[in-house]
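As stored in model11.txt (compact mmCIF, C-alpha atoms):
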```txt
# COMPACT_ATOMS: atom_id res chain seq x y z
CA MET A 628 62.01 -56.14 -5.42
CA SER A 629 59.09 -53.75 -5.50
CA SER A 630 57.07 -53.05 -2.39
CA PRO A 631 53.47 -54.25 -2.31
CA ARG A 632 50.95 -51.67 -3.53
CA GLU A 633 48.28 -50.33 -1.24
CA PRO A 634 44.86 -51.52 -2.33
CA ALA A 635 43.09 -48.89 -4.39
CA ARG A 636 40.64 -46.73 -2.43
CA SER A 637 37.06 -46.92 -3.69
CA LEU A 638 35.13 -43.84 -4.69
CA SER A 639 32.82 -44.24 -1.71
CA GLU A 640 35.80 -44.46 0.63
CA ALA A 641 37.17 -41.26 -0.83
CA ALA A 642 33.83 -39.56 -0.35
CA THR A 643 33.66 -40.75 3.26
CA ALA A 644 37.17 -39.48 3.95
CA LEU A 645 36.27 -36.04 2.57
CA ILE A 646 32.93 -35.80 4.37
CA HIS A 647 34.46 -36.79 7.72
CA HIS A 648 37.84 -35.10 7.30
CA PRO A 649 39.23 -34.40 10.78
CA TYR A 650 40.93 -31.08 10.10
CA GLU A 651 39.47 -28.02 11.85
CA ALA A 652 40.82 -24.54 11.20
CA PRO A 653 42.33 -22.87 14.26
CA GLY A 654 40.13 -20.47 16.18
CA GLY A 655 40.82 -16.82 16.79
CA PHE A 656 40.49 -15.61 13.22
CA GLN A 657 39.22 -12.03 13.06
CA SER A 658 38.45 -9.83 10.06
CA VAL A 659 36.53 -6.66 9.24
CA GLN A 660 33.37 -8.52 8.22
CA PRO A 661 31.70 -11.34 10.21
CA GLY A 662 32.08 -14.85 8.88
CA VAL A 663 29.30 -16.39 6.78
CA PHE A 664 28.03 -19.63 8.32
CA LYS A 665 25.56 -21.51 6.13
CA ALA A 666 23.54 -24.45 7.36
CA SER A 667 20.29 -26.27 7.19
CA THR A 668 21.51 -29.12 9.45
CA VAL A 669 23.27 -28.20 12.69
CA ILE A 670 25.39 -30.93 14.33
CA PHE A 671 24.89 -31.81 18.02
CA GLU A 672 27.77 -33.19 20.07
CA ASN A 673 25.57 -35.77 21.81
CA THR A 674 21.96 -36.51 22.76
CA ALA A 675 22.24 -34.43 25.91
CA ALA A 676 23.11 -31.40 23.77
CA LEU A 677 20.25 -32.25 21.42
CA ARG A 678 17.72 -32.32 24.24
CA SER A 679 19.03 -29.30 26.12
CA ARG A 680 19.52 -26.90 23.20
CA GLU A 681 16.91 -24.09 23.06
CA TRP A 682 16.00 -22.58 19.67
CA LYS A 683 13.99 -19.65 21.08
CA ASP A 684 17.04 -17.70 22.23
CA LYS A 685 20.62 -17.24 21.11
CA THR A 686 22.28 -19.59 23.61
CA GLY A 687 22.87 -22.26 20.96
CA TYR A 688 22.08 -23.58 17.49
CA THR A 689 19.47 -26.15 16.50
CA TYR A 690 18.56 -25.74 12.81
CA GLY A 691 19.40 -23.34 10.01
CA LEU A 692 15.98 -21.67 10.07
CA HIS A 693 16.46 -20.85 13.75
CA GLY A 694 19.75 -19.06 13.21
CA THR A 695 23.46 -19.30 12.56
CA PRO A 696 26.27 -17.08 13.91
CA THR A 697 25.82 -14.88 10.84
CA THR A 698 22.10 -14.23 11.30
CA PHE A 699 22.56 -13.72 15.04
CA VAL A 700 25.10 -10.97 14.37
CA LEU A 701 22.80 -9.17 11.92
CA GLU A 702 19.82 -9.48 14.29
CA GLU A 703 21.76 -7.96 17.17
CA ARG A 704 23.11 -5.10 15.08
CA LEU A 705 19.66 -4.27 13.73
CA ALA A 706 18.18 -4.28 17.24
CA THR A 707 20.83 -1.75 18.25
CA LEU A 708 20.19 0.35 15.14
CA GLU A 709 16.42 0.53 15.74
CA GLY A 710 16.66 1.01 19.50
CA GLY A 711 15.06 -2.37 20.23
CA ARG A 712 16.21 -5.59 21.87
CA GLN A 713 15.18 -8.46 19.57
CA THR A 714 15.06 -8.91 15.81
CA LEU A 715 13.50 -11.43 13.43
CA LEU A 716 14.72 -11.67 9.83
CA VAL A 717 12.29 -12.39 7.00
CA PRO A 718 12.54 -12.55 3.18
CA SER A 719 11.23 -9.01 2.49
CA GLY A 720 9.70 -5.91 4.05
CA LEU A 721 6.25 -7.08 3.03
CA ALA A 722 6.93 -10.47 4.63
CA ALA A 723 7.65 -8.59 7.87
CA ILE A 724 4.28 -6.83 7.62
CA ALA A 725 2.53 -10.12 6.90
CA LEU A 726 4.26 -11.85 9.83
CA VAL A 727 3.02 -9.18 12.24
CA GLY A 728 -0.56 -9.47 10.97
CA GLN A 729 -0.60 -13.26 11.03
CA SER A 730 0.91 -13.42 14.49
CA LEU A 731 -1.09 -10.74 16.28
CA LEU A 732 -4.57 -10.92 14.71
CA LYS A 733 -7.28 -13.55 14.63
CA ALA A 734 -10.85 -13.85 13.33
CA GLY A 735 -13.20 -11.22 14.76
CA GLU A 736 -10.44 -8.73 15.53
CA HIS A 737 -9.83 -5.34 13.97
CA LEU A 738 -6.83 -3.68 12.33
CA LEU A 739 -6.32 0.05 11.75
CA LEU A 740 -4.16 1.39 8.93
CA PRO A 741 -3.19 4.98 8.19
CA ASP A 742 -4.63 6.40 4.99
CA ASN A 743 -1.09 6.78 3.60
CA VAL A 744 -0.06 3.18 4.32
CA TYR A 745 2.28 1.23 2.02
CA GLY A 746 0.07 -0.07 -0.79
CA PRO A 747 0.91 -3.81 -0.50
CA SER A 748 0.17 -3.62 3.24
CA ARG A 749 -3.30 -2.31 2.40
CA ASP A 750 -3.77 -5.12 -0.13
CA PHE A 751 -2.67 -7.76 2.39
CA ALA A 752 -5.31 -6.49 4.82
CA ARG A 753 -8.06 -6.31 2.20
CA HIS A 754 -7.48 -9.81 0.87
CA GLU A 755 -5.61 -12.26 3.11
CA LEU A 756 -6.65 -10.77 6.46
CA ALA A 757 -10.22 -10.25 5.27
CA GLN A 758 -10.63 -13.88 4.24
CA TRP A 759 -9.44 -14.88 7.72
CA GLY A 760 -12.25 -12.85 9.32
CA ILE A 761 -10.17 -9.82 10.32
CA THR A 762 -11.67 -6.41 9.58
CA THR A 763 -9.71 -3.31 8.63
CA GLY A 764 -10.39 0.39 9.14
CA PHE A 765 -8.49 3.51 8.12
CA TYR A 766 -7.65 6.73 9.92
CA ASP A 767 -6.22 10.12 9.02
CA PRO A 768 -2.55 9.89 10.08
CA MET A 769 -2.37 13.66 10.50
CA ASP A 770 -5.20 13.76 13.07
CA PRO A 771 -4.98 11.80 16.35
CA ALA A 772 -8.71 12.44 16.85
CA SER A 773 -9.38 10.47 13.66
CA LEU A 774 -7.48 7.52 15.12
CA ALA A 775 -9.35 7.80 18.42
CA ALA A 776 -12.68 7.74 16.58
CA ALA A 777 -11.67 4.71 14.49
CA LEU A 778 -10.61 2.51 17.41
CA THR A 779 -13.10 -0.18 18.44
CA PRO A 780 -13.20 -2.72 21.30
CA ALA A 781 -12.01 -5.31 18.75
CA THR A 782 -8.96 -3.29 17.60
CA ARG A 783 -5.74 -5.15 18.33
CA LEU A 784 -3.19 -3.64 15.95
CA VAL A 785 -2.55 -0.11 14.67
CA TRP A 786 0.03 0.57 11.96
CA LEU A 787 1.90 3.86 11.73
CA GLU A 788 3.82 5.21 8.72
CA ALA A 789 6.50 7.88 9.15
CA ALA A 790 6.74 9.32 6.61
CA GLY A 791 3.67 8.19 4.69
CA SER A 792 4.11 6.03 1.63
CA VAL A 793 4.43 8.06 -1.61
CA THR A 794 2.81 11.25 -0.26
CA LEU A 795 5.38 11.58 2.58
CA GLU A 796 3.20 13.23 5.23
CA PHE A 797 4.95 13.07 8.59
CA PRO A 798 2.46 12.26 11.35
CA ASP A 799 2.18 13.45 14.92
CA LEU A 800 3.70 10.25 16.29
CA ALA A 801 3.50 11.40 19.90
CA GLY A 802 -0.17 12.30 19.50
CA LEU A 803 -1.05 9.03 17.76
CA LEU A 804 0.84 6.94 20.33
CA GLY A 805 -0.86 8.88 23.13
CA VAL A 806 -4.22 7.71 21.75
CA ILE A 807 -3.05 4.10 21.36
CA ARG A 808 -1.69 3.96 24.90
CA GLN A 809 -5.20 4.54 26.24
CA HIS A 810 -6.04 1.06 24.88
CA PRO A 811 -3.69 -1.51 26.47
CA GLN A 812 -4.92 -4.31 24.21
CA VAL A 813 -3.65 -2.52 21.09
CA VAL A 814 -0.18 -3.07 19.63
CA ALA A 815 1.44 -0.06 17.95
CA ALA A 816 3.51 -1.05 14.90
CA LEU A 817 5.61 1.28 12.78
CA ASP A 818 6.95 0.82 9.27
CA ASN A 819 10.36 2.37 9.91
CA THR A 820 11.89 1.80 6.47
CA TRP A 821 11.98 5.55 5.69
CA GLY A 822 13.58 6.46 9.03
CA ALA A 823 15.91 3.45 8.79
CA GLY A 824 16.72 3.61 12.51
CA LEU A 825 18.66 6.82 11.81
CA ALA A 826 16.15 9.68 11.50
CA PHE A 827 14.60 9.04 14.94
CA ASN A 828 14.36 6.35 17.63
CA PRO A 829 10.92 4.74 17.19
CA PHE A 830 11.03 3.13 20.64
CA GLU A 831 11.52 6.49 22.35
CA VAL A 832 9.51 9.10 20.42
CA GLY A 833 6.08 9.69 21.93
CA GLY A 834 6.53 6.95 24.51
CA GLY A 835 7.60 4.46 21.87
CA VAL A 836 6.06 1.92 19.55
CA ASP A 837 5.75 -1.78 20.38
CA LEU A 838 7.45 -3.00 17.23
CA THR A 839 8.96 -1.83 13.97
CA ILE A 840 9.33 -3.43 10.60
CA HIS A 841 12.19 -2.44 8.36
CA ALA A 842 12.64 -3.29 4.69
CA LEU A 843 16.35 -4.08 4.72
CA THR A 844 16.02 -4.09 0.94
CA LYS A 845 16.41 -0.31 1.11
CA TYR A 846 19.12 1.56 3.07
CA PRO A 847 20.67 -1.30 5.10
CA SER A 848 21.49 -3.19 1.90
CA GLY A 849 22.20 -0.05 -0.11
CA GLY A 850 22.93 -1.91 -3.32
CA GLY A 851 19.50 -2.47 -4.84
CA ASP A 852 20.25 -6.20 -4.98
CA VAL A 853 18.88 -7.71 -1.76
CA LEU A 854 15.36 -8.55 -0.60
CA MET A 855 15.02 -8.84 3.18
CA GLY A 856 12.98 -7.51 6.08
CA ALA A 857 13.15 -7.34 9.86
CA VAL A 858 10.77 -7.10 12.81
CA VAL A 859 12.28 -5.42 15.87
CA THR A 860 10.77 -5.42 19.38
CA ARG A 861 11.69 -4.53 22.96
CA ASP A 862 9.16 -6.65 24.84
CA GLU A 863 10.25 -10.27 25.30
CA ALA A 864 6.72 -11.70 25.35
CA LEU A 865 5.78 -9.91 22.12
CA HIS A 866 9.02 -11.09 20.50
CA LEU A 867 8.32 -14.69 21.48
CA ARG A 868 4.79 -14.50 20.09
CA LEU A 869 6.15 -13.29 16.76
CA LYS A 870 9.04 -15.78 16.84
CA LEU A 871 6.72 -18.75 17.27
CA THR A 872 4.72 -17.70 14.21
CA HIS A 873 7.98 -17.08 12.36
CA MET A 874 9.08 -20.65 13.15
CA ARG A 875 5.75 -22.24 12.19
CA LEU A 876 5.75 -20.40 8.86
CA GLY A 877 9.29 -21.60 8.16
CA LEU A 878 10.58 -18.13 7.32
CA GLY A 879 14.25 -17.95 6.46
CA VAL A 880 16.72 -15.70 4.66
CA GLY A 881 19.69 -16.48 2.44
CA LEU A 882 23.03 -16.27 4.21
CA ASN A 883 24.70 -14.57 1.24
CA ASP A 884 22.04 -11.87 1.49
CA VAL A 885 22.69 -11.55 5.22
CA GLU A 886 26.36 -11.07 4.38
CA LEU A 887 25.48 -8.24 1.97
CA VAL A 888 23.34 -6.45 4.55
CA LEU A 889 26.08 -6.80 7.18
CA ARG A 890 28.52 -5.32 4.68
CA GLY A 891 26.17 -2.41 4.00
CA LEU A 892 25.42 -1.47 7.61
CA PRO A 893 28.72 0.30 8.47
CA SER A 894 28.28 2.80 5.63
CA MET A 895 24.53 3.26 6.01
CA ALA A 896 24.64 6.43 8.12
CA LEU A 897 26.99 8.08 5.62
CA ARG A 898 24.87 7.03 2.66
CA TYR A 899 21.65 8.10 4.37
CA ALA A 900 23.10 11.55 5.04
CA ALA A 901 24.24 11.86 1.42
CA HIS A 902 20.81 10.83 0.07
CA ASP A 903 19.19 13.30 2.48
CA ALA A 904 21.41 16.28 1.59
CA SER A 905 21.01 15.77 -2.15
CA THR A 906 17.24 15.31 -1.87
CA ARG A 907 16.79 18.52 0.11
CA GLN A 908 18.61 20.48 -2.61
CA ILE A 909 16.52 18.89 -5.32
CA ALA A 910 13.28 19.47 -3.39
CA ALA A 911 14.10 23.18 -2.99
CA TRP A 912 14.90 23.44 -6.71
CA LEU A 913 11.63 21.74 -7.66
CA GLN A 914 9.61 24.26 -5.65
CA ALA A 915 10.59 26.97 -8.14
CA ARG A 916 9.39 25.08 -11.22
CA PRO A 917 6.13 26.46 -12.70
CA GLU A 918 4.98 22.98 -13.72
CA VAL A 919 4.93 21.87 -10.07
CA ALA A 920 1.87 22.44 -7.88
CA GLN A 921 3.40 21.04 -4.67
CA VAL A 922 6.61 19.43 -3.46
CA LEU A 923 6.14 16.84 -0.72
CA HIS A 924 9.16 16.39 1.53
CA PRO A 925 9.02 16.38 5.35
CA ALA A 926 11.97 18.77 5.75
CA LEU A 927 10.33 21.44 3.57
CA PRO A 928 8.34 24.11 5.44
CA GLY A 929 4.76 23.81 4.28
CA SER A 930 4.97 20.11 3.49
CA PRO A 931 2.36 18.12 5.47
CA GLY A 932 3.69 17.30 8.92
CA HIS A 933 6.83 19.41 8.65
CA ALA A 934 6.48 20.59 12.26
CA HIS A 935 6.12 16.99 13.48
CA TRP A 936 9.20 15.96 11.49
CA GLN A 937 11.12 18.91 12.91
CA ALA A 938 10.19 17.91 16.47
CA SER A 939 11.16 14.25 16.07
CA CYS A 940 13.81 13.81 13.41
CA SER A 941 17.41 14.53 12.55
CA GLY A 942 17.19 13.26 8.96
CA ALA A 943 14.78 12.96 6.07
CA ALA A 944 15.84 10.08 3.78
CA GLY A 945 16.10 10.33 0.00
CA LEU A 946 12.51 10.56 -1.21
CA VAL A 947 10.65 13.56 -2.63
CA SER A 948 7.27 13.56 -4.34
CA VAL A 949 6.08 16.11 -6.86
CA VAL A 950 2.43 16.96 -7.50
CA PHE A 951 2.13 18.29 -11.04
CA ASP A 952 -0.14 21.19 -11.93
CA GLY A 953 -3.08 19.44 -13.61
CA ALA A 954 -4.14 22.67 -15.31
CA ARG A 955 -0.79 22.84 -17.11
CA LEU A 956 0.11 19.21 -17.75
CA THR A 957 -1.90 16.14 -18.66
CA SER A 958 -1.03 12.72 -17.30
CA ALA A 959 0.40 11.89 -20.74
CA GLN A 960 2.72 14.87 -20.50
CA VAL A 961 3.85 13.81 -17.04
CA ASP A 962 4.59 10.34 -18.42
CA ALA A 963 6.61 12.03 -21.18
CA PHE A 964 8.55 13.92 -18.49
CA VAL A 965 9.32 10.63 -16.72
CA ASP A 966 10.35 8.97 -19.98
CA ALA A 967 12.66 11.90 -20.82
CA LEU A 968 14.73 11.45 -17.67
CA ARG A 969 18.15 9.91 -18.27
CA LEU A 970 19.78 9.50 -14.86
CA PHE A 971 16.54 8.76 -12.99
CA LYS A 972 15.49 5.25 -14.04
CA ILE A 973 11.90 4.00 -13.84
CA GLY A 974 11.71 1.39 -11.12
CA TYR A 975 10.20 0.46 -7.77
CA SER A 976 12.06 0.45 -4.45
CA TRP A 977 14.77 2.89 -3.33
CA GLY A 978 17.77 3.22 -1.07
CA GLY A 979 20.41 2.16 -3.57
CA PRO A 980 23.02 4.19 -5.47
CA LEU A 981 20.83 4.65 -8.56
CA SER A 982 18.19 7.40 -8.67
CA LEU A 983 14.68 6.17 -9.47
CA VAL A 984 11.38 7.70 -10.58
CA MET A 985 7.81 6.40 -10.38
CA PRO A 986 4.54 8.10 -11.49
CA TYR A 987 1.28 7.63 -9.57
CA GLY A 988 -2.28 8.66 -10.34
CA LEU A 989 -3.65 10.85 -7.55
CA GLN A 990 -7.32 10.03 -8.10
CA GLY A 991 -8.47 7.80 -5.25
CA MET A 992 -5.02 7.62 -3.63
CA ARG A 993 -6.11 9.43 -0.44
CA ARG A 994 -9.39 9.75 1.42
CA PHE A 995 -8.17 12.32 3.97
CA GLY A 996 -6.29 15.61 3.64
CA PRO A 997 -5.79 18.07 0.79
CA LEU A 998 -4.95 15.36 -1.76
CA ALA A 999 -8.23 13.49 -1.19
CA GLY A 1000 -10.20 13.36 -4.42
CA GLN A 1001 -7.65 15.48 -6.24
CA PRO A 1002 -7.08 14.59 -9.90
CA GLY A 1003 -3.70 14.66 -11.54
CA THR A 1004 -0.38 12.89 -11.25
CA LEU A 1005 2.24 12.59 -8.57
CA VAL A 1006 5.83 11.63 -9.36
CA ARG A 1007 8.03 10.18 -6.63
CA LEU A 1008 11.76 10.62 -6.96
CA ALA A 1009 14.15 8.36 -5.05
CA VAL A 1010 17.43 10.25 -5.07
CA GLY A 1011 20.52 8.09 -5.34
CA LEU A 1012 24.19 8.85 -4.86
CA GLU A 1013 24.91 10.57 -8.15
CA ASP A 1014 26.17 14.15 -8.30
CA THR A 1015 23.34 16.47 -7.22
CA GLY A 1016 24.03 18.97 -9.98
CA ALA A 1017 23.82 16.22 -12.59
CA LEU A 1018 20.46 15.10 -11.20
CA VAL A 1019 19.09 18.66 -11.28
CA ALA A 1020 20.29 19.02 -14.87
CA ASP A 1021 18.53 15.78 -15.75
CA LEU A 1022 15.26 17.05 -14.27
CA ALA A 1023 15.67 20.38 -16.05
CA GLN A 1024 16.15 18.79 -19.46
CA ALA A 1025 13.10 16.57 -18.88
CA PHE A 1026 10.99 19.65 -18.07
CA ASP A 1027 12.40 21.43 -21.13
CA ALA A 1028 11.47 18.48 -23.32
CA LEU A 1029 7.80 19.19 -22.58
CA GLY A 1030 8.07 22.48 -24.47
```
Target format structure tokens, applied to this file:
Amino acid sequence: MSSPREPARSLSEAATALIHHPYEAPGGFQSVQPGVFKASTVIFENTAALRSREWKDKTGYTYGLHGTPTTFVLEERLATLEGGRQTLLVPSGLAAIALVGQSLLKAGEHLLLPDNVYGPSRDFARHELAQWGITTGFYDPMDPASLAAALTPATRLVWLEAAGSVTLEFPDLAGLLGVIRQHPQVVAALDNTWGAGLAFNPFEVGGGVDLTIHALTKYPSGGGDVLMGAVVTRDEALHLRLKLTHMRLGLGVGLNDVELVLRGLPSMALRYAAHDASTRQIAAWLQARPEVAQVLHPALPGSPGHAHWQASCSGAAGLVSVVFDGARLTSAQVDAFVDALRLFKIGYSWGGPLSLVMPYGLQGMRRFGPLAGQPGTLVRLAVGLEDTGALVADLAQAFDALG
């Protein structure tokens, strides 16, 4: 006699059993890389936990946008890297810049940017901030007196770039911060993507900045496949002000991208040093080329701000810019040089394994310094992790192709 069959389980019962499965993996698992915890919804044990949980710090979890164990780990490691205490993660380096502006400025207030500021930061100020009633001025980053003259009673935020975008001037950070510290209402912010938390400590040099932004897209990721940014602070009140804006804007980052940045961090110092060493060799080689009017690289004697770099830094990243001799080469010839390169690929960004090249027109790029009003073309090289000799040979054949 056959035993009675259990009634068939419905599809919805099967789904319920899977969703509410009681098994939990044992604790204590440890591995080289931190675990990846993904969540929009975070589960509370009871209503008391719901009402007592605080999203503004790292004592617990409330919602995916406010953090998971994975984002908390990356935030803490980045704070250590930069020399700060708190970190906010955002979708890109430019998003970090925008967050700072939106959080710290309001209608009627004034922003100061260095003349060699990152181009999209300049555009954000000229368009979005301008339509919100915030005015923007510019100063010569190589002259603290220029900054002092540009400050107004309405100035609330001053950006610093070290080194400058594209033209790579290294400013007198101590001198500039000395001027800013005479105005307690002004926040000093540094784009520290070039220094990467490795070349110098931005919270110590010259008395220290108030905050840094870092495009994690570059060296922390190291793969050329992640977009992410960070804002790092030391002051708790400033961090909270930024964090509240961060929350209201609903800024979040993908947890798989966080995983990639965490994986890249342990090797970043080694990669940064390799980029730096190769770039210095290439910069020295470029100085001997007759087609080149000037090589811009902070570690080169004679490059703008070299003495300031020497006083503050232990590294110099992987960027070098070349000003071509306009009397010898037209902009079309410079474009032909760029097109002739084989290992250097044409593309924005930097910090990955692949070497990149990007041409820029000099006319109108700078309003201060020796490049102001200068015609011609500048080519920025982002040196990757290829063999240095192979990269030099690639540059040589591109020069030779010009005839």
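Counting only C-alpha atoms and comparing A:Pro741, A:Gly694, A:Gly932, A:Gly805, the residue that lies closest to Arg994 in chain A is A:Pro741.
Among the candidates A:Gly822, A:Pro811, A:Gly1000, A:Gly710, the residue lying nearest to Glu788 in chain A is A:Gly822 (atoms considered: only C-alpha atoms).
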List the spatial neighbours of Ala967 in chain A as a short mmCIF file (atom, residue, chain, number, x, y, z; two decimals) with C-alpha atoms, in the frame of the given file - criterion: any atom at most 7 Å away, only C-alpha atoms, same-chain residues fewer than 3 positions off excluded.
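Once everything was written out, this is part09.cif:
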```
data_model
loop_
_atom_site.label_atom_id
_atom_site.label_comp_id
_atom_site.auth_asym_id
_atom_site.auth_seq_id
_atom_site.Cartn_x
_atom_site.Cartn_y
_atom_site.Cartn_z
CA ALA A 963 6.61 12.03 -21.18
CA PHE A 964 8.55 13.92 -18.49
CA ALA A 1025 13.10 16.57 -18.88
#
```
Please give the centre and size of the box around range 937-950 of chain A (axis-aligned, containing every atom listed in the file, 6 Å added per side), with values in Å to one decimal and written as AutoDock Vina command-line options.
```
--center_x 9.9 --center_y 14.5 --center_z 4.5 --size_x 27.0 --size_y 20.8 --size_z 36.0
```
Could you pull the residues within 10 Å of range 880-896 of chain A, counting all atoms listed in the file, minus those fewer than 5 positions along the same chain, as a PDB file with C-alpha atoms, in the coordinates of the input?
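out33.pdb, freshly written:
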```
ATOM      1  CA  VAL A 659      36.530  -6.660   9.240  1.00  0.00           C
ATOM      2  CA  GLN A 660      33.370  -8.520   8.220  1.00  0.00           C
ATOM      3  CA  PRO A 661      31.700 -11.340  10.210  1.00  0.00           C
ATOM      4  CA  GLY A 662      32.080 -14.850   8.880  1.00  0.00           C
ATOM      5  CA  VAL A 663      29.300 -16.390   6.780  1.00  0.00           C
ATOM      6  CA  PHE A 664      28.030 -19.630   8.320  1.00  0.00           C
ATOM      7  CA  LYS A 665      25.560 -21.510   6.130  1.00  0.00           C
ATOM      8  CA  ALA A 666      23.540 -24.450   7.360  1.00  0.00           C
ATOM      9  CA  GLY A 691      19.400 -23.340  10.010  1.00  0.00           C
ATOM     10  CA  LEU A 692      15.980 -21.670  10.070  1.00  0.00           C
ATOM     11  CA  GLY A 694      19.750 -19.060  13.210  1.00  0.00           C
ATOM     12  CA  THR A 695      23.460 -19.300  12.560  1.00  0.00           C
ATOM     13  CA  THR A 697      25.820 -14.880  10.840  1.00  0.00           C
ATOM     14  CA  THR A 698      22.100 -14.230  11.300  1.00  0.00           C
ATOM     15  CA  VAL A 700      25.100 -10.970  14.370  1.00  0.00           C
ATOM     16  CA  LEU A 701      22.800  -9.170  11.920  1.00  0.00           C
ATOM     17  CA  GLU A 702      19.820  -9.480  14.290  1.00  0.00           C
ATOM     18  CA  ARG A 704      23.110  -5.100  15.080  1.00  0.00           C
ATOM     19  CA  LEU A 705      19.660  -4.270  13.730  1.00  0.00           C
ATOM     20  CA  LEU A 708      20.190   0.350  15.140  1.00  0.00           C
ATOM     21  CA  LEU A 716      14.720 -11.670   9.830  1.00  0.00           C
ATOM     22  CA  VAL A 717      12.290 -12.390   7.000  1.00  0.00           C
ATOM     23  CA  PRO A 718      12.540 -12.550   3.180  1.00  0.00           C
ATOM     24  CA  SER A 719      11.230  -9.010   2.490  1.00  0.00           C
ATOM     25  CA  ALA A 823      15.910   3.450   8.790  1.00  0.00           C
ATOM     26  CA  GLY A 824      16.720   3.610  12.510  1.00  0.00           C
ATOM     27  CA  LEU A 825      18.660   6.820  11.810  1.00  0.00           C
ATOM     28  CA  ALA A 826      16.150   9.680  11.500  1.00  0.00           C
ATOM     29  CA  LEU A 843      16.350  -4.080   4.720  1.00  0.00           C
ATOM     30  CA  THR A 844      16.020  -4.090   0.940  1.00  0.00           C
ATOM     31  CA  LYS A 845      16.410  -0.310   1.110  1.00  0.00           C
ATOM     32  CA  TYR A 846      19.120   1.560   3.070  1.00  0.00           C
ATOM     33  CA  PRO A 847      20.670  -1.300   5.100  1.00  0.00           C
ATOM     34  CA  SER A 848      21.490  -3.190   1.900  1.00  0.00           C
ATOM     35  CA  GLY A 849      22.200  -0.050  -0.110  1.00  0.00           C
ATOM     36  CA  GLY A 850      22.930  -1.910  -3.320  1.00  0.00           C
ATOM     37  CA  ASP A 852      20.250  -6.200  -4.980  1.00  0.00           C
ATOM     38  CA  VAL A 853      18.880  -7.710  -1.760  1.00  0.00           C
ATOM     39  CA  LEU A 854      15.360  -8.550  -0.600  1.00  0.00           C
ATOM     40  CA  MET A 855      15.020  -8.840   3.180  1.00  0.00           C
ATOM     41  CA  GLY A 856      12.980  -7.510   6.080  1.00  0.00           C
ATOM     42  CA  ALA A 901      24.240  11.860   1.420  1.00  0.00           C
ATOM     43  CA  HIS A 902      20.810  10.830   0.070  1.00  0.00           C
ATOM     44  CA  GLY A 978      17.770   3.220  -1.070  1.00  0.00           C
TER      45      GLY A 978
END
```
CA of Gly945 in chain A to CA of Asp1027 in chain A, straight-line distance in Å: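 About the pair CA of Asp1027 in chain A and CA of Gly945 in chain A: they are 24.2 Å apart.
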With all atoms listed in the file as the basis for distance, which of A:Cys940, A:Leu731, A:Ala777, A:Ala915 is at the shortest distance from Glu831 in chain A?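 Nearest candidate to Glu831 in chain A out of A:Cys940, A:Leu731, A:Ala777, A:Ala915: A:Cys940.
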Find the spatial neighbours of Lys972 in chain A, counting only C-alpha atoms, within a cut-off of 8 Å - ignore same-chain residues fewer than 3 positions away - and output them as a JSON list (two decimals) with C-alpha atoms, keeping the file's coordinate frame.
```
[["chain", "number", "residue", "atom", "x", "y", "z"],
["A", 968, "LEU", "CA", 14.73, 11.45, -17.67],
["A", 969, "ARG", "CA", 18.15, 9.91, -18.27],
["A", 981, "LEU", "CA", 20.83, 4.65, -8.56],
["A", 982, "SER", "CA", 18.19, 7.40, -8.67],
["A", 983, "LEU", "CA", 14.68, 6.17, -9.47],
["A", 984, "VAL", "CA", 11.38, 7.70, -10.58]]
```
Exercise: residues within 8 Å of coordinate (1.5, 6.1, 8.6), counting only C-alpha atoms, as a PyMOL selection string: chain A and resi 740-744+768+786-792+797-798+817-818
What does the distance between CA of Gly988 in chain A and CA of Pro1002 in chain A come to in Å, to one decimal place?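 CA of Gly988 in chain A sits 7.6 Å away from CA of Pro1002 in chain A.
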Give me the residues near Arg712 in chain A as a list in words, where near means some atom within 8 Å (using only C-alpha atoms) and where sequence neighbours in that chain fewer than 3 positions away do not count. Glu703, Ala706, Thr707, Val859, Thr860, Arg861 and Asp862 of chain A
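With distances taken from (-4.2, 10.1, -8.2) and restricted to all atoms listed in the file, the residues inside 7 Å are Tyr987, Gly988, Leu989, Gln990, Gly991, Met992, Gln1001, Pro1002, Gly1003, Thr1004 and Leu1005 of chain A.
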In terms of the shortest atom-to-atom distance over all atoms listed in the file, which of A:Ala757, A:Tyr688, A:Ala775, A:Asp1014 is closest to Ile909 in chain A? A:Asp1014
Work out how far CA of Val836 in chain A is from CA of Ala723 in chain A, in Å to one decimal.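 We find that CA of Ala723 in chain A and CA of Val836 in chain A lie 15.8 Å from each other.
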